[in-house]
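Peer 1: Dropping in model.pdb, with PDB, C-alpha atoms and all ligand atoms.
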```pdb
ATOM      1  CA  MET A  12      24.798  12.017 -10.398
ATOM      2  CA  GLN A  13      27.713  13.515 -12.478
ATOM      3  CA  GLY A  14      28.908  16.840 -10.953
ATOM      4  CA  LYS A  15      30.149  19.837 -13.045
ATOM      5  CA  HIS A  16      33.835  18.981 -12.417
ATOM      6  CA  GLY A  17      33.237  15.423 -13.561
ATOM      7  CA  ARG A  18      33.163  14.280  -9.957
ATOM      8  CA  THR A  19      30.296  11.993  -9.119
ATOM      9  CA  SER A  20      28.361  13.990  -6.619
ATOM     10  CA  ARG A  21      24.842  13.771  -5.296
ATOM     11  CA  VAL A  22      23.312  16.721  -7.074
ATOM     12  CA  CYS A  23      19.654  16.426  -6.203
ATOM     13  CA  PRO A  24      17.437  17.615  -9.071
ATOM     14  CA  GLU A  25      15.195  20.638  -8.516
ATOM     15  CA  PRO A  26      11.747  19.462  -7.392
ATOM     16  CA  GLU A  27      10.075  20.761 -10.547
ATOM     17  CA  ASN A  28      12.518  18.745 -12.689
ATOM     18  CA  MET A  29      12.063  15.511 -10.753
ATOM     19  CA  LYS A  30      10.656  12.525 -12.569
ATOM     20  CA  LYS A  31       7.334  11.225 -11.204
ATOM     21  CA  LEU A  32       7.887   7.809  -9.673
ATOM     22  CA  VAL A  33       4.608   6.091  -8.790
ATOM     23  CA  VAL A  34       4.535   3.026  -6.553
ATOM     24  CA  LEU A  35       1.661   0.534  -6.290
ATOM     25  CA  SER A  36       2.255  -1.525  -3.159
ATOM     26  CA  GLY A  37       0.499  -4.506  -1.588
ATOM     27  CA  ALA A  38       0.719  -6.771   1.432
ATOM     28  CA  GLY A  39       4.120  -8.162   0.414
ATOM     29  CA  MET A  40       5.559  -4.693   1.055
ATOM     30  CA  SER A  41       4.912  -5.209   4.783
ATOM     31  CA  ALA A  42       5.694  -8.949   4.985
ATOM     32  CA  GLU A  43       9.261  -8.346   6.241
ATOM     33  CA  SER A  44       7.807  -6.121   8.940
ATOM     34  CA  GLY A  45       5.979  -9.195  10.220
ATOM     35  CA  LEU A  46       2.511  -8.394   8.851
ATOM     36  CA  ARG A  47       0.806 -11.285   7.079
ATOM     37  CA  THR A  48      -0.131 -11.193   3.420
ATOM     38  CA  PHE A  49      -3.467 -12.506   2.202
ATOM     39  CA  ARG A  50      -2.883 -15.133  -0.474
ATOM     40  CA  ASP A  51       0.583 -16.389   0.292
ATOM     41  CA  MET A  52       1.241 -19.564   2.231
ATOM     42  CA  GLY A  53      -0.055 -18.791   5.735
ATOM     43  CA  GLY A  54      -1.899 -15.763   4.439
ATOM     44  CA  LEU A  55      -4.800 -14.260   6.336
ATOM     45  CA  TRP A  56      -7.389 -15.665   3.942
ATOM     46  CA  GLU A  57      -6.205 -19.168   4.794
ATOM     47  CA  GLU A  58      -7.241 -18.630   8.404
ATOM     48  CA  TYR A  59     -10.252 -16.347   8.106
ATOM     49  CA  ASP A  60     -13.289 -16.378   5.829
ATOM     50  CA  VAL A  61     -12.860 -13.053   4.050
ATOM     51  CA  TYR A  62     -16.643 -12.549   3.898
ATOM     52  CA  GLU A  63     -16.994 -13.005   7.634
ATOM     53  CA  VAL A  64     -14.383 -10.427   8.596
ATOM     54  CA  ALA A  65     -14.042  -8.069   5.607
ATOM     55  CA  SER A  66     -17.509  -7.526   4.129
ATOM     56  CA  PRO A  67     -20.648  -5.545   5.045
ATOM     57  CA  ALA A  68     -22.524  -8.854   5.422
ATOM     58  CA  GLY A  69     -19.922 -10.082   7.913
ATOM     59  CA  TRP A  70     -20.261  -6.829   9.867
ATOM     60  CA  ALA A  71     -24.049  -7.193   9.954
ATOM     61  CA  LYS A  72     -23.802 -10.844  11.023
ATOM     62  CA  ASP A  73     -21.116 -10.687  13.719
ATOM     63  CA  ARG A  74     -19.779  -7.218  14.492
ATOM     64  CA  ALA A  75     -17.722  -8.478  17.424
ATOM     65  CA  LEU A  76     -15.811 -10.930  15.167
ATOM     66  CA  VAL A  77     -14.998  -8.155  12.691
ATOM     67  CA  LEU A  78     -13.841  -5.787  15.445
ATOM     68  CA  LYS A  79     -11.688  -8.597  16.913
ATOM     69  CA  PHE A  80     -10.115  -9.346  13.493
ATOM     70  CA  TYR A  81      -9.032  -5.748  12.997
ATOM     71  CA  ASN A  82      -8.035  -5.276  16.662
ATOM     72  CA  GLU A  83      -5.630  -8.221  16.334
ATOM     73  CA  ARG A  84      -4.107  -6.731  13.135
ATOM     74  CA  ARG A  85      -3.882  -3.272  14.708
ATOM     75  CA  LYS A  86      -2.128  -4.715  17.789
ATOM     76  CA  GLN A  87       0.399  -6.469  15.531
ATOM     77  CA  LEU A  88       0.897  -3.262  13.516
ATOM     78  CA  LEU A  89       1.725  -1.273  16.663
ATOM     79  CA  GLU A  90       4.403  -3.900  17.433
ATOM     80  CA  SER A  91       5.867  -3.668  13.874
ATOM     81  CA  SER A  92       8.271  -1.280  12.172
ATOM     82  CA  PRO A  93       8.900  -0.229   8.578
ATOM     83  CA  ASN A  94      11.358  -2.503   6.737
ATOM     84  CA  ARG A  95      14.186  -1.675   4.298
ATOM     85  CA  GLY A  96      11.671  -1.642   1.463
ATOM     86  CA  HIS A  97       9.598   1.127   3.055
ATOM     87  CA  LEU A  98      12.734   3.057   4.013
ATOM     88  CA  GLY A  99      14.204   2.731   0.501
ATOM     89  CA  LEU A 100      11.054   4.194  -1.048
ATOM     90  CA  ALA A 101      11.203   7.118   1.377
ATOM     91  CA  GLU A 102      14.873   7.678   0.381
ATOM     92  CA  LEU A 103      13.881   7.884  -3.298
ATOM     93  CA  GLU A 104      12.117  11.178  -2.537
ATOM     94  CA  LYS A 105      15.572  12.798  -2.705
ATOM     95  CA  ASP A 106      15.753  12.136  -6.441
ATOM     96  CA  PHE A 107      12.162  11.615  -7.566
ATOM     97  CA  GLU A 108       8.690  12.988  -6.978
ATOM     98  CA  VAL A 109       7.424   9.804  -5.315
ATOM     99  CA  ARG A 110       3.683   9.101  -5.044
ATOM    100  CA  ILE A 111       2.733   5.904  -3.237
ATOM    101  CA  ILE A 112      -0.593   4.218  -3.909
ATOM    102  CA  THR A 113      -1.018   1.367  -1.461
ATOM    103  CA  GLN A 114      -3.583  -1.389  -1.017
ATOM    104  CA  ASN A 115      -2.253  -1.770   2.514
ATOM    105  CA  ILE A 116      -4.138  -0.440   5.500
ATOM    106  CA  ASP A 117      -1.001  -0.228   7.656
ATOM    107  CA  ASP A 118       0.864   3.055   8.172
ATOM    108  CA  LEU A 119       4.377   1.714   7.574
ATOM    109  CA  HIS A 120       5.002   3.814   4.449
ATOM    110  CA  GLU A 121       4.220   6.971   6.455
ATOM    111  CA  ARG A 122       6.283   5.816   9.427
ATOM    112  CA  ALA A 123       9.229   5.194   7.062
ATOM    113  CA  GLY A 124       9.033   8.840   5.956
ATOM    114  CA  SER A 125       7.117   8.698   2.676
ATOM    115  CA  THR A 126       5.230  11.972   2.315
ATOM    116  CA  SER A 127       2.641  11.105  -0.348
ATOM    117  CA  VAL A 128       0.657   7.940   0.449
ATOM    118  CA  LEU A 129      -2.806   7.197  -0.935
ATOM    119  CA  HIS A 130      -4.611   4.303   0.793
ATOM    120  CA  LEU A 131      -6.927   2.600  -1.710
ATOM    121  CA  HIS A 132      -8.388   0.182   0.862
ATOM    122  CA  GLY A 133      -8.511   2.419   3.938
ATOM    123  CA  GLU A 134      -6.459   2.769   7.089
ATOM    124  CA  LEU A 135      -6.279   0.304   9.989
ATOM    125  CA  ARG A 136      -5.570   2.989  12.604
ATOM    126  CA  LYS A 137      -8.714   4.962  11.778
ATOM    127  CA  SER A 138     -12.418   4.423  12.439
ATOM    128  CA  ARG A 139     -15.450   5.824  10.634
ATOM    129  CA  SER A 140     -19.044   6.674  11.457
ATOM    130  CA  MET A 141     -21.673   4.322  10.045
ATOM    131  CA  VAL A 142     -24.115   7.184   9.396
ATOM    132  CA  ASP A 143     -21.704   9.795   8.028
ATOM    133  CA  PRO A 144     -18.653   8.499   6.082
ATOM    134  CA  ASP A 145     -17.006  11.908   6.353
ATOM    135  CA  LEU A 146     -16.664  11.415  10.127
ATOM    136  CA  ILE A 147     -13.274   9.699  10.396
ATOM    137  CA  TYR A 148     -11.343   9.337  13.683
ATOM    138  CA  ASP A 149      -7.867   8.228  14.746
ATOM    139  CA  ILE A 150      -7.917   5.101  16.907
ATOM    140  CA  GLU A 151      -5.825   5.574  20.054
ATOM    141  CA  GLY A 152      -4.070   2.296  20.874
ATOM    142  CA  TRP A 153      -5.067  -0.991  19.240
ATOM    143  CA  GLU A 154      -8.701  -1.448  20.123
ATOM    144  CA  LEU A 155     -11.942  -0.333  18.529
ATOM    145  CA  ASN A 156     -14.812  -1.884  20.457
ATOM    146  CA  GLU A 157     -18.575  -2.213  20.590
ATOM    147  CA  GLY A 158     -20.092   0.893  22.148
ATOM    148  CA  GLU A 159     -17.536   3.350  20.766
ATOM    149  CA  LEU A 160     -19.756   5.852  18.967
ATOM    150  CA  CYS A 161     -19.301   8.680  16.480
ATOM    151  CA  GLU A 162     -20.456  12.193  17.401
ATOM    152  CA  LYS A 163     -23.819  11.366  15.821
ATOM    153  CA  GLY A 164     -24.272   8.392  18.146
ATOM    154  CA  SER A 165     -23.647   5.501  15.726
ATOM    155  CA  GLN A 166     -21.207   2.617  16.282
ATOM    156  CA  LEU A 167     -17.787   3.278  14.838
ATOM    157  CA  ARG A 168     -16.538   0.800  12.199
ATOM    158  CA  PRO A 169     -13.018   0.180  10.844
ATOM    159  CA  HIS A 170     -12.113   2.790   8.184
ATOM    160  CA  VAL A 171     -11.406  -0.030   5.738
ATOM    161  CA  VAL A 172     -12.855  -0.787   2.281
ATOM    162  CA  TRP A 173     -14.581  -4.181   2.551
ATOM    163  CA  PHE A 174     -15.278  -6.526  -0.308
ATOM    164  CA  GLY A 175     -18.301  -5.254  -2.199
ATOM    165  CA  GLU A 176     -17.705  -1.636  -1.152
ATOM    166  CA  PRO A 177     -16.561   1.086  -3.576
ATOM    167  CA  VAL A 178     -12.879   2.065  -3.757
ATOM    168  CA  THR A 179     -13.581   5.793  -3.531
ATOM    169  CA  ALA A 180      -9.917   6.790  -4.031
ATOM    170  CA  PHE A 181      -9.610   4.957  -7.351
ATOM    171  CA  GLU A 182     -10.138   7.966  -9.649
ATOM    172  CA  GLU A 183      -7.471   9.935  -7.783
ATOM    173  CA  ALA A 184      -5.114   6.944  -7.988
ATOM    174  CA  ALA A 185      -5.730   6.501 -11.721
ATOM    175  CA  GLY A 186      -4.924  10.180 -12.268
ATOM    176  CA  ILE A 187      -1.622   9.786 -10.433
ATOM    177  CA  VAL A 188      -0.644   6.696 -12.464
ATOM    178  CA  SER A 189      -1.607   8.429 -15.736
ATOM    179  CA  ARG A 190       1.052  11.105 -15.022
ATOM    180  CA  ALA A 191       3.830   8.685 -14.025
ATOM    181  CA  ASP A 192       7.270   8.663 -15.647
ATOM    182  CA  ILE A 193       8.110   5.392 -13.887
ATOM    183  CA  LEU A 194       5.806   2.806 -12.265
ATOM    184  CA  VAL A 195       6.970   0.402  -9.544
ATOM    185  CA  ILE A 196       4.752  -2.490  -8.388
ATOM    186  CA  ILE A 197       5.847  -4.045  -5.087
ATOM    187  CA  GLY A 198       4.383  -6.906  -3.074
ATOM    188  CA  THR A 199       1.003  -7.368  -4.692
ATOM    189  CA  SER A 200      -0.388 -10.409  -6.471
ATOM    190  CA  MET A 201      -2.388  -8.035  -8.700
ATOM    191  CA  ASN A 202      -5.409 -10.203  -7.991
ATOM    192  CA  VAL A 203      -7.853  -7.639  -6.679
ATOM    193  CA  TYR A 204      -9.655  -5.053  -8.801
ATOM    194  CA  PRO A 205      -9.982  -2.187  -9.318
ATOM    195  CA  ALA A 206      -6.489  -1.743  -7.734
ATOM    196  CA  ALA A 207      -4.846  -4.223 -10.126
ATOM    197  CA  GLY A 208      -6.334  -2.333 -13.077
ATOM    198  CA  LEU A 209      -4.280   0.767 -12.223
ATOM    199  CA  ILE A 210      -1.438  -0.539 -14.412
ATOM    200  CA  ASP A 211      -3.656   0.108 -17.435
ATOM    201  CA  TYR A 212      -3.546   3.852 -16.677
ATOM    202  CA  ALA A 213       0.250   4.035 -17.013
ATOM    203  CA  PRO A 214       1.401   6.101 -20.020
ATOM    204  CA  ALA A 215       2.485   3.841 -22.902
ATOM    205  CA  GLY A 216       6.174   2.970 -22.938
ATOM    206  CA  ILE A 217       7.155   4.088 -19.415
ATOM    207  CA  PRO A 218       9.405   1.660 -17.510
ATOM    208  CA  ILE A 219       7.425  -0.622 -15.161
ATOM    209  CA  TYR A 220       9.287  -2.480 -12.406
ATOM    210  CA  VAL A 221       7.877  -5.385 -10.409
ATOM    211  CA  ILE A 222       9.498  -6.360  -7.098
ATOM    212  CA  ASP A 223       8.226  -9.689  -5.793
ATOM    213  CA  PRO A 224       9.966 -12.942  -4.739
ATOM    214  CA  ASN A 225       7.298 -14.886  -6.604
ATOM    215  CA  GLU A 226       6.022 -14.822 -10.165
ATOM    216  CA  VAL A 227       3.418 -12.093 -10.650
ATOM    217  CA  PHE A 228       1.188 -12.672 -13.652
ATOM    218  CA  ILE A 229       0.098  -9.409 -15.302
ATOM    219  CA  PRO A 230      -1.513 -10.247 -18.664
ATOM    220  CA  GLY A 231      -0.715  -7.904 -21.538
ATOM    221  CA  TYR A 232       2.532  -6.542 -20.059
ATOM    222  CA  PRO A 233       5.368  -8.669 -21.496
ATOM    223  CA  ARG A 234       8.142  -6.097 -21.006
ATOM    224  CA  LEU A 235       8.128  -5.617 -17.239
ATOM    225  CA  HIS A 236      11.442  -5.118 -15.417
ATOM    226  CA  VAL A 237      11.129  -7.942 -12.893
ATOM    227  CA  ILE A 238      13.190  -7.933  -9.684
ATOM    228  CA  ARG A 239      12.499 -11.398  -8.244
ATOM    229  CA  LYS A 240      13.360 -10.485  -4.689
ATOM    230  CA  LYS A 241      11.680  -9.515  -1.445
ATOM    231  CA  ALA A 242      10.963  -5.809  -1.001
ATOM    232  CA  GLY A 243      13.785  -5.286   1.504
ATOM    233  CA  GLU A 244      16.438  -6.662  -0.879
ATOM    234  CA  GLY A 245      14.813  -5.701  -4.159
ATOM    235  CA  ILE A 246      14.688  -1.998  -3.319
ATOM    236  CA  ALA A 247      18.505  -1.774  -3.631
ATOM    237  CA  ASP A 248      18.355  -3.326  -7.116
ATOM    238  CA  LEU A 249      15.602  -0.875  -8.047
ATOM    239  CA  ILE A 250      17.675   2.105  -6.897
ATOM    240  CA  ASN A 251      20.636   0.862  -8.988
ATOM    241  CA  GLU A 252      18.425   0.420 -12.060
ATOM    242  CA  LEU A 253      16.928   3.888 -11.584
ATOM    243  CA  GLN A 254      20.383   5.453 -11.334
ATOM    244  CA  LYS A 255      21.289   3.812 -14.667
ATOM    245  CA  LEU A 256      18.101   5.264 -16.122
ATOM    246  CA  GLU A 257      19.149   8.740 -14.986
ATOM    247  CA  GLN A 258      22.622   8.566 -16.568
TER     248      GLN A 258
HETATM  249  N1  LIG B 301       8.454  -8.722  -0.522
HETATM  250  C1  LIG B 301       7.744  -8.448  -1.654
HETATM  251  N2  LIG B 301       6.660  -9.155  -2.042
HETATM  252  C2  LIG B 301       6.285 -10.186  -1.255
HETATM  253  C3  LIG B 301       6.965 -10.541  -0.069
HETATM  254  C4  LIG B 301       8.094  -9.752   0.288
HETATM  255  N3  LIG B 301       8.804 -10.007   1.398
HETATM  256  N4  LIG B 301       6.340 -11.617   0.492
HETATM  257  C5  LIG B 301       5.301 -11.910  -0.326
HETATM  258  N5  LIG B 301       5.273 -11.066  -1.371
HETATM  259  C6  LIG B 301       4.314 -10.994  -2.474
HETATM  260  C7  LIG B 301       3.628 -12.302  -2.825
HETATM  261  O1  LIG B 301       4.420 -13.055  -3.728
HETATM  262  C8  LIG B 301       2.347 -11.787  -3.491
HETATM  263  O2  LIG B 301       2.564 -11.523  -4.872
HETATM  264  O3  LIG B 301       3.283 -10.125  -2.063
HETATM  265  C9  LIG B 301       2.095 -10.452  -2.779
HETATM  266  C10 LIG B 301       0.957 -10.530  -1.780
HETATM  267  O4  LIG B 301      -0.242 -10.760  -2.488
HETATM  268  P1  LIG B 301      -1.627 -10.768  -1.696
HETATM  269  O5  LIG B 301      -1.479 -11.583  -0.453
HETATM  270  O6  LIG B 301      -2.704 -11.110  -2.672
HETATM  271  O7  LIG B 301      -1.810  -9.255  -1.195
HETATM  272  P2  LIG B 301      -2.337  -8.033  -2.046
HETATM  273  O8  LIG B 301      -1.980  -8.160  -3.485
HETATM  274  O9  LIG B 301      -1.902  -6.804  -1.324
HETATM  275  O10 LIG B 301      -3.934  -8.167  -1.896
HETATM  276  C11 LIG B 301      -4.707  -7.115  -2.435
HETATM  277  O11 LIG B 301      -6.676  -8.082  -1.449
HETATM  278  O12 LIG B 301      -7.664  -9.076   0.345
HETATM  279  C12 LIG B 301      -7.543  -7.888  -0.329
HETATM  280  O13 LIG B 301      -7.814  -5.761   0.584
HETATM  281  C13 LIG B 301      -6.945  -6.836   0.546
HETATM  282  O14 LIG B 301      -5.447  -5.068  -0.091
HETATM  283  C14 LIG B 301      -5.654  -6.466  -0.178
HETATM  284  C15 LIG B 301      -5.920  -6.887  -1.599
END
```
Translate this file's structure into structure tokens.
Peer 2:
Amino acid sequence: MQGKHGRTSRVCPEPENMKKLVVLSGAGMSAESGLRTFRDMGGLWEEYDVYEVASPAGWAKDRALVLKFYNERRKQLLESSPNRGHLGLAELEKDFEVRIITQNIDDLHERAGSTSVLHLHGELRKSRSMVDPDLIYDIEGWELNEGELCEKGSQLRPHVVWFGEPVTAFEEAAGIVSRADILVIIGTSMNVYPAAGLIDYAPAGIPIYVIDPNEVFIPGYPRLHVIRKKAGEGIADLINELQKLEQ
């Protein structure tokens, strides 16, 4: 940022003057941390039947399989760390009011230092009562097993939004996007609704960046700023582009 003596200095803007930078992230955000995506080559949905491990019907049919699926992902998460993409987004909080809306159930954005993270599809490291959805608990370690009960005596389930269940945080997310000055979409195939529909809530004409090593097809948005890179590399390009925007 240009200082008052013409020197380029890092003059951080006052919080109330910061532009609102909203991020919509997906599984690709965490790929370089070693967590698998869903629809890429080798994605989770190539190995598992999504309806067996991520739907109410799957839970009713074979609870042990569902618990095992999420225990395996939670174990891998505990062995993973945030990557340069997560860390870069946390850094941006110095110059922007950053709000992250993620489809991911991992906690890597938080562990990287991001302070405003809204999980559309739930949180892997939390469990929830089956009789009272307001009873939500942290999971110590990587296992949630049969026989672990909520305070009302019902089996605890993963605090994850399964296919066919409502995305209760959507309205809040849409409100955040509707107030954005800049929107950044990272690591999501934009295949799953209602999350993918959030782009439609962006104010007309704001800059929209897409960071993804593959082509992401978003009908009706021909003027996206595409950074065809992985999150870890693409975040540096994004920061450069944002600095140009600020000049
Ligand atoms: N950096 C950035 N993007 C990447 C990287 C990377 N290193 N590796 C892969 N990608 C991109 C892929 O090109 C793809 O566009 O990440 C995207 C991953 O897409 P999906 O696997 O469909 O994941 P996502 O969009 O998050 O899925 C949405 O579907 O199954 C449900 O609830 C689940 O939240 C998930 C939702």
Peer 1: Dump the neighbourhood of ligand LIG 301 (chain B) as a CSV table (one decimal) with C-alpha atoms, keeping the file's coordinate frame: all residues within 7 Å, distances computed on all atoms listed in the file.
Peer 2:
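Below is the file that was written, pocket.csv:
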```csv
chain,number,residue,atom,x,y,z
A,36,SER,CA,2.3,-1.5,-3.2
A,37,GLY,CA,0.5,-4.5,-1.6
A,38,ALA,CA,0.7,-6.8,1.4
A,39,GLY,CA,4.1,-8.2,0.4
A,40,MET,CA,5.6,-4.7,1.1
A,42,ALA,CA,5.7,-8.9,5.0
A,43,GLU,CA,9.3,-8.3,6.2
A,48,THR,CA,-0.1,-11.2,3.4
A,49,PHE,CA,-3.5,-12.5,2.2
A,50,ARG,CA,-2.9,-15.1,-0.5
A,51,ASP,CA,0.6,-16.4,0.3
A,54,GLY,CA,-1.9,-15.8,4.4
A,114,GLN,CA,-3.6,-1.4,-1.0
A,115,ASN,CA,-2.3,-1.8,2.5
A,132,HIS,CA,-8.4,0.2,0.9
A,197,ILE,CA,5.8,-4.0,-5.1
A,198,GLY,CA,4.4,-6.9,-3.1
A,199,THR,CA,1.0,-7.4,-4.7
A,200,SER,CA,-0.4,-10.4,-6.5
A,201,MET,CA,-2.4,-8.0,-8.7
A,202,ASN,CA,-5.4,-10.2,-8.0
A,203,VAL,CA,-7.9,-7.6,-6.7
A,222,ILE,CA,9.5,-6.4,-7.1
A,223,ASP,CA,8.2,-9.7,-5.8
A,224,PRO,CA,10.0,-12.9,-4.7
A,225,ASN,CA,7.3,-14.9,-6.6
A,226,GLU,CA,6.0,-14.8,-10.2
A,227,VAL,CA,3.4,-12.1,-10.6
A,240,LYS,CA,13.4,-10.5,-4.7
A,241,LYS,CA,11.7,-9.5,-1.4
A,242,ALA,CA,11.0,-5.8,-1.0
A,243,GLY,CA,13.8,-5.3,1.5
```
Peer 1: Using only C-alpha atoms, can you tell me which of A:Asp211, A:Glu244, A:Asp192, A:Glu182 comes closest to A:Leu98?
Peer 2: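 Of A:Asp211, A:Glu244, A:Asp192, A:Glu182, the one nearest A:Leu98 is A:Glu244, counting only C-alpha atoms.
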Peer 1: What is the distance between atom CA of A:Arg110 and atom CA of A:Leu35, in Å to one decimal?
Peer 2: 8.9 Å
Peer 1: Could you write out as AutoDock Vina command-line options the box around stretch 250-254 of chain A (axis-aligned, all atoms listed in the file, 5 Å on each side), with centre and edge lengths in Å to one decimal?
Peer 2:
```
--center_x 18.8 --center_y 2.9 --center_z -9.5 --size_x 13.7 --size_y 15.0 --size_z 15.2
```
Peer 1: Could you tell me how far atom CA of A:Lys79 sits from atom CA of A:Arg47, in Å to one decimal place?
Peer 2: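 So the answer is 16.1 Å.
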